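What follows is the content of coords29.txt, which has compact mmCIF, C-alpha atoms:
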```txt
# COMPACT_ATOMS: atom_id res chain seq x y z
CA MET A 1 152.53 104.19 139.82
CA LYS A 2 150.78 103.75 136.49
CA LEU A 3 147.93 101.95 138.26
CA VAL A 4 147.70 104.76 140.83
CA ARG A 5 147.56 107.37 138.06
CA MET A 6 144.83 105.39 136.30
CA VAL A 7 142.78 105.15 139.51
CA LEU A 8 143.24 108.87 140.16
CA ALA A 9 142.24 109.68 136.59
CA VAL A 10 139.10 107.60 136.90
CA ALA A 11 138.29 109.22 140.25
CA VAL A 12 138.79 112.73 138.87
CA THR A 13 136.70 111.91 135.79
CA ALA A 14 133.93 110.52 137.97
CA SER A 15 134.14 113.55 140.23
CA LEU A 16 133.91 115.95 137.31
CA ALA A 17 131.02 113.96 135.88
CA GLY A 18 129.30 114.21 139.25
CA VAL A 19 129.81 117.97 139.33
CA ALA A 20 128.48 118.26 135.80
CA TRP A 21 125.44 116.14 136.70
CA VAL A 22 124.72 118.25 139.78
CA SER A 23 125.16 121.47 137.82
CA GLN A 24 122.56 120.25 135.34
CA GLN A 25 119.94 119.64 138.04
CA PRO A 26 117.30 122.34 138.24
CA GLU A 27 117.17 124.46 141.36
CA ALA A 28 114.53 123.46 143.87
CA PRO A 29 111.49 125.78 143.68
CA GLY A 30 112.19 127.06 147.19
CA THR A 31 115.79 127.91 146.32
CA ARG A 32 114.77 129.64 143.11
CA MET A 33 112.13 131.73 144.89
CA ALA A 34 114.44 132.61 147.79
CA THR A 35 117.15 133.76 145.38
CA ALA A 36 114.68 135.85 143.38
CA ALA A 37 113.23 137.40 146.53
CA GLN A 38 116.69 138.18 147.94
CA ARG A 39 117.73 139.89 144.72
CA PHE A 40 114.50 141.87 144.61
CA LEU A 41 114.78 143.01 148.23
CA GLY A 42 118.48 143.74 147.78
CA SER A 43 117.66 146.22 145.03
CA LEU A 44 115.27 148.27 147.17
CA THR A 45 115.95 151.45 149.08
CA PRO A 46 115.27 151.47 152.84
CA GLU A 47 112.05 153.39 152.17
CA GLN A 48 110.90 150.82 149.60
CA LYS A 49 111.69 147.94 151.95
CA LYS A 50 109.37 149.43 154.55
CA VAL A 51 106.57 149.08 152.00
CA ALA A 52 107.52 145.70 150.56
CA LEU A 53 108.74 143.74 153.59
CA TYR A 54 106.62 142.42 156.48
CA ASP A 55 107.19 139.98 159.32
CA PHE A 56 106.10 136.47 158.44
CA ASP A 57 103.36 136.43 161.09
CA ASN A 58 101.91 139.80 160.09
CA ALA A 59 98.15 139.62 159.46
CA GLU A 60 98.71 141.20 156.05
CA ARG A 61 100.03 137.87 154.76
CA THR A 62 96.51 136.45 154.57
CA ASN A 63 94.81 139.72 153.59
CA TRP A 64 94.57 138.78 149.93
CA HIS A 65 92.13 140.06 147.31
CA PHE A 66 91.61 140.13 143.55
CA ILE A 67 89.60 143.32 143.01
CA PRO A 68 90.94 146.86 142.49
CA LEU A 69 91.61 148.44 145.88
CA GLN A 70 91.62 152.23 146.01
CA ASP A 71 90.31 155.10 148.11
CA LYS A 72 87.95 157.92 147.10
CA ASP A 73 90.90 159.91 145.77
CA LYS A 74 91.91 157.02 143.48
CA ARG A 75 94.98 156.16 145.50
CA PRO A 76 95.85 152.49 145.97
CA THR A 77 95.02 150.92 149.33
CA ARG A 78 96.57 147.53 148.57
CA LYS A 79 99.74 146.83 150.57
CA GLY A 80 103.10 146.09 149.01
CA LEU A 81 105.39 147.88 146.57
CA PRO A 82 103.76 148.55 143.18
CA LEU A 83 105.60 148.29 139.89
CA GLN A 84 104.94 151.98 139.29
CA ASP A 85 107.21 152.86 142.22
CA MET A 86 110.15 150.79 140.99
CA THR A 87 113.08 151.50 138.73
CA ALA A 88 113.40 149.55 135.48
CA GLU A 89 115.89 147.16 137.07
CA GLN A 90 113.69 146.65 140.15
CA LYS A 91 110.73 145.83 137.91
CA LYS A 92 112.79 143.12 136.19
CA LEU A 93 113.72 141.63 139.56
CA ALA A 94 110.11 141.78 140.76
CA LEU A 95 108.85 140.02 137.65
CA ALA A 96 111.64 137.45 138.05
CA LEU A 97 110.00 136.52 141.36
CA VAL A 98 106.72 135.89 139.53
CA GLU A 99 108.62 133.76 137.03
CA ALA A 100 110.21 131.80 139.88
CA GLY A 101 106.78 130.75 141.15
CA THR A 102 105.03 130.00 137.87
CA SER A 103 105.37 127.80 134.83
CA ALA A 104 106.24 129.39 131.50
CA ASP A 105 102.54 129.35 130.61
CA GLY A 106 101.51 130.57 134.06
CA ASN A 107 104.00 133.43 133.85
CA ALA A 108 102.69 134.41 130.41
CA LYS A 109 99.13 134.37 131.77
CA ALA A 110 100.09 136.47 134.80
CA THR A 111 101.85 139.16 132.76
CA THR A 112 99.03 139.17 130.20
CA ILE A 113 96.50 139.73 132.99
CA MET A 114 98.55 142.73 134.07
CA SER A 115 98.59 144.07 130.52
CA LEU A 116 94.78 143.84 130.21
CA GLU A 117 94.55 146.89 132.47
CA ALA A 118 95.64 148.97 129.47
CA ILE A 119 92.66 147.64 127.49
CA LEU A 120 90.31 148.42 130.37
CA LYS A 121 91.71 151.93 130.63
CA GLU A 122 90.99 152.53 126.96
CA GLN A 123 87.50 151.01 127.09
CA GLU A 124 86.43 152.72 130.30
CA LYS A 125 87.96 156.11 129.45
CA ASN A 126 87.37 158.27 132.54
CA GLY A 127 85.81 155.55 134.67
CA SER A 128 85.81 155.52 138.46
CA MET A 129 88.36 152.72 138.76
CA VAL A 130 92.07 153.19 138.17
CA ARG A 131 93.29 150.87 135.42
CA ASN A 132 97.06 150.72 135.52
CA PRO A 133 99.26 147.81 134.34
CA GLU A 134 101.77 148.91 136.99
CA TRP A 135 99.31 148.65 139.87
CA TYR A 136 100.60 145.21 140.78
CA PHE A 137 102.04 145.01 144.27
CA PHE A 138 104.93 142.90 145.57
CA THR A 139 105.25 141.84 149.19
CA VAL A 140 107.68 139.56 151.03
CA PHE A 141 106.87 138.13 154.45
CA GLY A 142 109.78 137.10 156.65
CA THR A 143 113.37 136.50 155.56
CA PRO A 144 113.82 134.62 152.26
CA GLY A 145 116.25 131.73 152.61
CA LYS A 146 116.71 127.99 152.88
CA SER A 147 115.73 127.83 156.55
CA GLY A 148 112.73 129.04 158.48
CA LYS A 149 109.37 130.22 157.25
CA TRP A 150 108.79 133.00 154.77
CA GLY A 151 106.37 133.87 152.01
CA TRP A 152 105.68 136.22 149.15
CA ARG A 153 102.77 137.67 147.22
CA VAL A 154 102.19 139.48 143.95
CA GLU A 155 98.75 140.95 143.67
CA GLY A 156 96.54 143.39 141.82
CA HIS A 157 93.33 143.41 139.82
CA HIS A 158 92.54 139.83 138.75
CA LEU A 159 95.81 138.37 140.05
CA SER A 160 96.87 137.03 143.43
CA ILE A 161 99.78 134.60 143.71
CA ASN A 162 100.66 133.54 147.26
CA TYR A 163 103.49 131.25 148.33
CA THR A 164 104.41 130.01 151.80
CA LEU A 165 107.78 128.29 152.28
CA ASP A 166 109.16 126.34 155.23
CA ASN A 167 112.79 125.23 155.33
CA ASN A 168 113.08 125.61 151.56
CA GLU A 169 110.00 123.48 150.89
CA VAL A 170 106.80 124.86 149.36
CA ALA A 171 104.33 124.58 152.25
CA SER A 172 101.52 126.24 150.29
CA ALA A 173 100.90 127.69 146.84
CA THR A 174 97.38 128.86 147.61
CA PRO A 175 95.32 130.86 147.14
CA THR A 176 96.18 131.33 143.47
CA PHE A 177 93.74 133.59 141.63
CA PHE A 178 93.79 134.38 137.90
CA GLY A 179 91.09 136.51 136.28
CA ALA A 180 90.57 138.13 132.90
CA ASN A 181 88.54 141.09 131.66
CA PRO A 182 88.07 140.65 128.77
CA ALA A 183 88.22 136.86 128.80
CA VAL A 184 88.44 136.93 125.01
CA ILE A 185 89.85 140.08 123.44
CA LYS A 186 87.23 141.37 121.00
CA THR A 187 89.04 144.22 119.25
CA GLY A 188 92.49 145.49 118.34
CA PRO A 189 95.65 143.69 117.24
CA LYS A 190 95.10 140.86 119.75
CA LYS A 191 91.50 140.23 118.71
CA GLY A 192 90.42 136.65 119.37
CA GLU A 193 93.07 135.89 121.97
CA ALA A 194 91.88 134.23 125.19
CA VAL A 195 93.88 134.52 128.40
CA LEU A 196 92.49 131.49 130.25
CA PRO A 197 91.00 129.28 127.53
CA GLU A 198 91.62 125.93 129.24
CA ALA A 199 89.61 126.97 132.28
CA GLU A 200 86.53 127.31 130.07
CA ASP A 201 87.09 124.84 127.26
CA TYR A 202 87.64 121.70 129.33
CA ALA A 203 84.77 122.48 131.71
CA ILE A 204 82.28 123.17 128.92
CA ALA A 205 83.39 120.08 126.99
CA LEU A 206 82.97 117.97 130.12
CA PHE A 207 79.52 119.34 130.88
CA LYS A 208 78.37 118.82 127.29
CA SER A 209 79.56 115.20 127.41
CA LEU A 210 77.32 114.27 130.36
CA ASP A 211 74.26 112.12 129.83
CA LYS A 212 70.83 113.01 131.20
CA ASP A 213 71.33 111.45 134.63
CA GLN A 214 74.86 112.83 135.00
CA THR A 215 73.66 116.30 134.01
CA ALA A 216 70.91 116.17 136.63
CA THR A 217 73.56 115.53 139.29
CA ALA A 218 76.17 118.02 138.04
CA LEU A 219 73.85 120.94 137.25
CA GLN A 220 73.22 123.23 140.23
CA LYS A 221 70.20 125.48 140.72
CA LYS A 222 72.11 128.62 141.73
CA PRO A 223 75.36 130.06 140.35
CA PHE A 224 78.36 129.72 142.61
CA GLY A 225 79.48 132.91 144.36
CA GLU A 226 82.83 134.64 144.26
CA PRO A 227 85.87 133.09 145.96
CA LYS A 228 86.06 134.17 149.58
CA ALA A 229 88.91 136.69 149.67
CA GLN A 230 90.70 138.06 152.75
CA SER A 231 90.29 134.62 154.26
CA VAL A 232 92.40 131.58 155.01
CA ASN A 233 89.47 129.25 154.39
CA SER A 234 87.47 128.99 151.17
CA GLY A 235 84.29 128.19 153.08
CA VAL A 236 82.98 126.02 150.23
CA GLY A 237 81.76 123.22 152.47
CA ALA A 238 81.21 119.65 151.31
CA PRO A 239 81.64 118.77 147.62
CA VAL A 240 78.58 118.99 145.38
CA GLY A 241 77.87 117.75 141.87
CA LEU A 242 78.93 114.66 139.97
CA PRO A 243 81.82 112.55 141.35
CA ALA A 244 84.42 111.33 138.89
CA GLY A 245 83.66 107.81 140.06
CA LYS A 246 80.40 108.07 138.10
CA MET A 247 82.05 109.32 134.89
CA ASN A 248 83.24 107.34 131.89
CA ASP A 249 86.91 107.26 130.89
CA LYS A 250 86.63 110.13 128.39
CA GLN A 251 84.89 112.32 130.95
CA LYS A 252 87.49 111.49 133.59
CA GLU A 253 90.20 112.49 131.12
CA LEU A 254 88.53 115.88 130.53
CA LEU A 255 88.19 116.39 134.27
CA ALA A 256 91.86 115.54 134.83
CA LYS A 257 92.88 117.99 132.09
CA LEU A 258 90.76 120.70 133.71
CA VAL A 259 92.34 120.14 137.12
CA ARG A 260 95.83 120.04 135.66
CA SER A 261 95.24 123.30 133.75
CA TYR A 262 94.98 125.05 137.12
CA ALA A 263 97.93 123.26 138.71
CA ASN A 264 100.01 124.02 135.62
CA ARG A 265 99.86 127.74 136.35
CA LEU A 266 102.35 126.98 139.10
CA ARG A 267 106.03 126.09 138.78
CA PRO A 268 106.26 122.60 137.18
CA GLU A 269 107.70 120.91 140.27
CA VAL A 270 104.95 122.45 142.39
CA ALA A 271 102.29 121.47 139.87
CA GLU A 272 103.49 117.85 139.92
CA ALA A 273 103.39 117.80 143.73
CA GLU A 274 99.84 119.18 143.65
CA MET A 275 98.72 116.60 141.10
CA LYS A 276 100.29 113.80 143.14
CA LEU A 277 98.20 114.90 146.12
CA VAL A 278 95.11 114.87 143.91
CA LYS A 279 95.83 111.37 142.59
CA ASP A 280 96.87 109.93 145.96
CA ALA A 281 93.61 111.17 147.50
CA GLY A 282 91.67 109.53 144.64
CA MET A 283 90.47 111.08 141.39
CA ASP A 284 87.15 109.24 141.79
CA LYS A 285 86.47 111.46 144.81
CA VAL A 286 86.74 114.65 142.74
CA HIS A 287 83.35 116.31 142.17
CA PHE A 288 82.30 118.49 139.23
CA ALA A 289 79.39 120.92 139.51
CA TYR A 290 78.18 123.40 136.88
CA THR A 291 75.64 126.20 136.42
CA GLY A 292 74.51 128.24 133.43
CA GLY A 293 74.98 127.94 129.67
CA THR A 294 77.67 126.57 127.41
CA GLU A 295 77.64 129.01 124.48
CA PRO A 296 79.63 132.26 124.11
CA GLY A 297 77.91 135.10 125.94
CA GLN A 298 76.02 132.78 128.30
CA GLY A 299 76.98 133.16 131.94
CA HIS A 300 78.28 130.08 133.71
CA THR A 301 80.04 129.00 136.88
CA TYR A 302 81.55 125.74 138.06
CA ARG A 303 83.30 124.17 141.00
CA VAL A 304 85.70 121.23 141.01
CA GLN A 305 86.49 119.84 144.43
CA GLY A 306 88.54 116.96 145.74
CA PRO A 307 89.96 116.06 149.15
CA THR A 308 93.07 118.21 148.60
CA PHE A 309 91.89 121.12 146.43
CA VAL A 310 88.97 123.24 145.28
CA ILE A 311 88.64 125.12 142.00
CA GLU A 312 86.20 128.02 141.80
CA PHE A 313 85.25 129.57 138.46
CA LEU A 314 82.84 132.30 137.37
CA ASN A 315 82.13 133.89 134.01
CA VAL A 316 78.93 135.81 134.61
CA GLN A 317 79.91 139.47 134.22
CA ALA A 318 80.06 141.50 131.04
CA ASP A 319 83.46 142.85 130.04
CA SER A 320 84.22 146.56 130.04
CA ALA A 321 82.87 146.85 126.48
CA ASN A 322 79.57 145.30 127.65
CA ASN A 323 80.07 141.97 125.89
CA PRO A 324 78.07 139.53 128.06
CA ALA A 325 79.80 136.81 130.06
CA ASN A 326 83.32 137.76 128.99
CA HIS A 327 84.90 138.30 132.41
CA ILE A 328 86.56 135.36 134.19
CA HIS A 329 87.37 134.79 137.86
CA SER A 330 89.18 131.53 138.63
CA CYS A 331 90.87 130.29 141.80
CA TRP A 332 92.83 127.28 143.10
CA ARG A 333 92.62 126.72 146.87
CA ARG A 334 92.90 124.24 149.71
CA PRO A 335 89.54 123.16 151.20
CA GLU A 336 91.05 122.89 154.69
CA GLY A 337 92.90 126.21 154.53
CA ASP A 338 95.36 128.25 152.49
CA PHE A 339 98.78 129.70 153.42
CA ALA A 340 99.64 126.35 155.14
CA ILE A 341 97.10 127.29 157.81
CA LYS A 342 94.27 124.88 158.55
CA LYS A 343 91.01 126.52 159.63
```

Please, can you express the file's structure as structure tokens?
Amino acid sequence: MKLVRMVLAVAVTASLAGVAWVSQQPEAPGTRMATAAQRFLGSLTPEQKKVALYDFDNAERTNWHFIPLQDKDKRPTRKGLPLQDMTAEQKKLALALVEAGTSADGNAKATTIMSLEAILKEQEKNGSMVRNPEWYFFTVFGTPGKSGKWGWRVEGHHLSINYTLDNNEVASATPTFFGANPAVIKTGPKKGEAVLPEAEDYAIALFKSLDKDQTATALQKKPFGEPKAQSVNSGVGAPVGLPAGKMNDKQKELLAKLVRSYANRLRPEVAEAEMKLVKDAGMDKVHFAYTGGTEPGQGHTYRVQGPTFVIEFLNVQADSANNPANHIHSCWRRPEGDFAIKK
């Protein structure tokens, strides 16, 4: 009997240890997002759900954009439920969905981008565009859960985060758009703060490190255009610029840091999966192309493209206080198609 009790004790201890180990494991990204989406939807009134919830196959799922969308009467035309139409508790649950799909740094960037609308409102005074930190719209497509397909989006000026899930797996985390106006805050208590510094710093450092022949290959004659919104496909075509295979080790390291800075906006597990795809496809196949200057106030654009991803970046516009080249647009996409749709 003593031996039996000892065996049972060991079994129970092992079982409890197993439970403790399982309880310490982080939730899968799909589970975390589904839970956050369920809680958000569960807090809404029937009228709010009609605005926030769409069928998974609805064409609105791919109707993404990053500019302010309003009519002539300054009413929003973007679909989804805006923060301004939520209670305080609903806003917390909506922002918890953003947190579920982003890293700590990505979440901080996303909420900071939202807050920049207050700066624009002050700088533009009675301008034609509505600047409202609560004009960020939340939409769920399909039924959140561990089975089947569903997706979600949070979107407004300079921000568009889009996730597609299939049987609790992240099928797509693109397009992901982060922008900033101003890119560097020039006045006020947050003077000197930059919202997306890595997106500029690594690219400029890489371009400056190129030798004469490398520069001739990387430098493009015309600035790159804006990311193609309201589209499943980026339409960027074949890669241009300097392949990583023709870079030295230090340059490859800067390029890898630049690519990772975009992936790291996403939830860590998702970012690691994205970077594995990049590495498995071959870092030497990643191309870097650049246009414009490298000093503050000088407009510049770049594109980084590999077999599994494309990064598009522009800083060519003045900010709302007319500081030149202080207005960033940056996007992470799939060359073959976003939203887990290949076109």

Padded axis-aligned box of segment 53-64 of chain A (3 Å per side), centre and edge lengths, Å, one decimal, as lines of an AutoDock Vina configuration file:
```
center_x = 101.7
center_y = 140.1
center_z = 155.5
size_x = 20.2
size_y = 13.3
size_z = 17.2
```

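Residues in contact with Gly337 of chain A at up to 9 Å, not including ones fewer than 2 positions away on its chain and judged by all atoms listed in the file, are Thr174, Ser231, Val232, Asn233, Ser234, Gly235, Arg333, Arg334, Pro335, Phe339, Ala340, Ile341, Lys342 and Lys343 of chain A.
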
Just how far from atom CA of Arg61 of chain A is atom CA of Thr139 of chain A, in Å to one decimal?
8.6 Å

Which residue out of A:Leu266, A:Ser320, A:Gly292, A:Asn63 has the minimum interatomic distance to Ala104 of chain A when all atoms listed in the file are used?
A:Leu266

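Between atom CA of Gly142 of chain A and atom CA of Leu53 of chain A the separation is 7.4 Å.
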
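The gap separating atom CA of Arg32 of chain A from atom CA of Arg153 of chain A is 15.0 Å, in Å to one decimal.
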
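Taking only C-alpha atoms into account, Asn248 of chain A lies nearest to A:Leu206 out of the set A:Ala94, A:Val236, A:Cys331, A:Leu206.
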
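If you measure from each of A:Met114, A:Ala216, A:Ala173, A:Ile161 to Gly30 of chain A using only C-alpha atoms, the closest one turns out to be A:Ala173.
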
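Proximity of A:Ile328, A:Ala88, A:Ala229, A:Ala59 to Ala199 of chain A, computed with all atoms listed in the file, is greatest for A:Ile328.
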
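Nearest-residue note for Asn126 of chain A: choosing from A:Lys74, A:Phe177, A:His327, A:Gln84, the minimum distance belongs to A:Lys74, counting all atoms listed in the file.
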
Compute the distance from (86.9, 155.2, 141.4) to each atom, counting all atoms listed in the file, keep the residues with any atom at most 9 Å away, and return them as a ChimeraX atom specification; use the coordinates of the file.
/A:70-74,127-130

Shortest interatomic distance to Ala325 of chain A - which of A:Asp338, A:Glu200, A:Asp280, A:Glu134, counting all atoms listed in the file
A:Glu200

Give as a PyMOL selection string each residue that has an atom at most 7 Å from (77.3, 133.3, 133.9) in the file, counting only C-alpha atoms.
chain A and resi 292+298-301+314-317+325
